[in-house]
>>> print(open('protein.txt').read())   # compact mmCIF, C-alpha atoms
# COMPACT_ATOMS: atom_id res chain seq x y z
CA MET A 7 0.00 0.00 0.00
CA THR A 8 1.02 3.55 -0.55
CA ALA A 9 0.54 6.59 1.65
CA GLY A 10 -1.72 8.08 -1.02
CA CYS A 11 -4.38 5.50 -0.27
CA PHE A 12 -4.76 6.74 3.28
CA ILE A 13 -4.79 10.41 2.34
CA ASN A 14 -7.46 9.96 -0.35
CA SER A 15 -9.72 8.03 2.01
CA SER A 16 -9.34 10.70 4.68
CA VAL A 17 -10.06 13.52 2.23
CA LYS A 18 -13.16 11.74 0.92
CA LYS A 19 -14.52 11.28 4.45
CA THR A 20 -13.83 14.92 5.33
CA ASN A 21 -15.33 16.11 2.05
CA ALA A 22 -18.49 14.09 2.65
CA GLY A 23 -18.64 15.20 6.29
CA ILE A 24 -18.40 18.91 5.50
CA TYR A 25 -20.99 18.55 2.74
CA LYS A 26 -23.29 16.71 5.16
CA GLU A 27 -22.93 19.55 7.67
CA LEU A 28 -23.91 22.04 4.95
CA CYS A 29 -26.89 19.87 3.97
CA ASP A 30 -27.98 19.50 7.60
CA PHE A 31 -27.72 23.27 8.03
CA CYS A 32 -29.91 23.82 4.96
CA LYS A 33 -32.47 21.25 6.14
CA ALA A 34 -32.67 22.93 9.56
CA LYS A 35 -33.31 26.28 7.84
CA GLY A 36 -35.90 24.78 5.47
CA VAL A 37 -33.81 25.48 2.38
CA ALA A 38 -33.14 23.18 -0.58
CA ILE A 39 -29.83 21.34 -0.35
CA PRO A 40 -27.15 22.72 -2.71
CA ASN A 41 -25.78 20.58 -5.52
CA TRP A 42 -22.34 19.05 -5.09
CA ASP A 43 -19.58 21.18 -6.62
CA LYS A 44 -16.10 19.66 -6.54
CA ARG A 45 -14.28 22.99 -6.95
CA ALA A 46 -16.33 24.73 -4.27
CA MET A 47 -15.80 21.84 -1.85
CA SER A 48 -12.05 21.95 -2.44
CA VAL A 49 -12.08 25.63 -1.42
CA LEU A 50 -14.22 25.01 1.66
CA LEU A 51 -11.89 22.23 2.76
CA THR A 52 -8.93 24.60 2.83
CA LYS A 53 -10.45 26.24 5.91
CA TYR A 54 -13.09 23.86 7.24
CA ASN A 55 -11.47 20.45 7.32
CA ALA A 56 -12.54 19.04 10.67
CA ILE A 57 -15.75 17.06 10.93
CA GLY A 58 -17.79 16.20 13.97
CA LEU A 59 -17.01 19.40 15.85
CA SER A 60 -19.60 20.91 18.14
CA ARG A 61 -21.61 23.71 16.57
CA THR A 62 -20.34 25.89 19.43
CA GLU A 63 -16.72 25.59 18.24
CA PRO A 64 -15.74 28.75 16.32
CA ILE A 65 -13.65 26.70 13.88
CA SER A 66 -16.61 24.53 12.82
CA ILE A 67 -18.39 25.32 9.60
CA THR A 68 -21.76 25.01 11.34
CA TYR A 69 -20.80 27.65 13.91
CA GLN A 70 -19.73 30.04 11.15
CA LEU A 71 -22.90 29.42 9.15
CA ASP A 72 -25.08 29.98 12.22
CA LYS A 73 -23.24 33.24 12.84
CA ARG A 74 -23.26 34.53 9.24
CA CYS A 75 -26.46 33.13 7.72
CA LYS A 76 -29.40 34.48 9.67
CA ASN A 77 -31.68 34.50 6.60
CA LEU A 78 -31.12 32.24 3.61
CA PRO A 79 -32.64 32.55 0.15
CA GLU A 80 -34.94 29.72 -0.96
CA LYS A 81 -32.21 28.20 -3.07
CA VAL A 82 -28.51 28.19 -2.20
CA SER A 83 -25.37 26.86 -3.84
CA LEU A 84 -21.95 25.95 -2.53
CA PRO A 85 -20.49 29.12 -4.13
CA TYR A 86 -23.11 31.06 -2.13
CA PHE A 87 -21.69 29.61 1.10
CA ILE A 88 -18.18 30.42 -0.07
CA LYS A 89 -19.22 34.04 -0.47
CA VAL A 90 -20.93 34.11 2.94
CA LEU A 91 -17.85 32.54 4.56
CA ASP A 92 -15.65 35.19 2.94
CA MET A 93 -13.68 32.74 0.80
CA GLN A 94 -14.45 34.33 -2.56
CA GLU A 95 -10.82 35.15 -3.32
CA GLN A 96 -9.75 31.51 -2.95
CA TYR A 97 -12.70 30.34 -5.04
CA ASN A 98 -11.90 32.78 -7.84
CA ALA A 99 -8.30 31.55 -7.86
CA VAL A 100 -9.49 27.95 -8.28
CA ILE A 101 -11.86 28.93 -11.10
CA GLU A 102 -9.12 30.92 -12.85
CA GLN A 103 -6.76 27.94 -12.59
CA VAL A 104 -9.37 25.60 -14.08
CA GLU A 105 -9.99 28.01 -16.95
CA GLN A 106 -6.25 28.40 -17.56
CA ASN A 107 -5.83 24.62 -17.65
CA LYS A 108 -8.61 24.39 -20.26
CA LEU A 109 -6.92 27.05 -22.39
CA ASP A 110 -3.55 25.33 -22.07
CA LYS A 111 -5.07 22.03 -23.25
CA GLU A 112 -6.78 23.71 -26.21
CA GLU A 113 -3.54 25.43 -27.25
CA PHE A 114 -1.62 22.17 -26.94
CA ARG A 115 -4.07 20.34 -29.24
CA GLY A 116 -3.40 22.93 -31.92
CA PHE A 117 0.16 21.70 -32.54
CA ALA A 118 0.82 19.08 -35.22
CA PHE A 119 3.49 16.49 -34.48
>>> encode(input="protein.txt", output="structure tokens")
Amino acid sequence: MTAGCFINSSVKKTNAGIYKELCDFCKAKGVAIPNWDKRAMSVLLTKYNAIGLSRTEPISITYQLDKRCKNLPEKVSLPYFIKVLDMQEQYNAVIEQVEQNKLDKEEFRGFAF
């Protein structure tokens, strides 16, 4: 076995746990659950990467959502939560990187070998 196996499993559990906390928060507020967004989750995990914390812990995502989201719109998305949690700059950097990678691939396909 390689060390990568353990890291990937841990990341998947954390990813699912943070998403579940977001979904539980939405359910408690009577709001539709946001769709999964891999890029948005990667940004959220840079700051909120501990699952199972009490909602009274300031480092938990649920604590921050309770503090910052008094009223939610009927429909929310993961990018909405990123904005509320003041992580827009990190999210924009991820989106820019994805777009740059797409452009790089398109330019590379243009060469004839």
>>> closest_residue(input="protein.txt", among="A:Ser66, A:Asp110, A:Lys81, A:Lys73", to="Leu50 of chain A", atoms="only C-alpha atoms")
A:Ser66
>>> atom_distance(input="protein.txt", atom1="atom CA of Asn107 of chain A", atom2="atom CA of Leu28 of chain A")
29.1 Å
>>> closest_residue(input="protein.txt", among="A:Ile57, A:Ala22, A:Val82, A:Leu71", to="Lys44 of chain A", atoms="all atoms listed in the file")
A:Ala22
>>> residues_around(input="protein.txt", residues="segment 32-42 of chain A", least_positions_apart="4", cutoff="10 Å", atoms="all atoms listed in the file", output="PyMOL selection string")
chain A and resi 22+25-28+46-47+71+75-87
>>> atom_distance(input="protein.txt", atom1="atom CA of Gly58 of chain A", atom2="atom CA of Arg45 of chain A")
22.3 Å
>>> closest_residue(input="protein.txt", among="A:Asp30, A:Val49, A:Gln70, A:Ile24", to="Gln96 of chain A", atoms="only C-alpha atoms")
A:Val49
>>> atom_distance(input="protein.txt", atom1="atom CA of Asp72 of chain A", atom2="atom CA of Phe31 of chain A")
8.3 Å
>>> closest_residue(input="protein.txt", among="A:Tyr69, A:Ser48, A:Asp43, A:Cys29", to="Val100 of chain A", atoms="all atoms listed in the file")
A:Ser48
>>> axis_aligned_box(input="protein.txt", around="segment 84-90 of chain A", padding_each_side="3 Å", output="JSON")
{"center_x": -20.6, "center_y": 30.0, "center_z": -0.6, "size_x": 10.9, "size_y": 14.2, "size_z": 13.1}
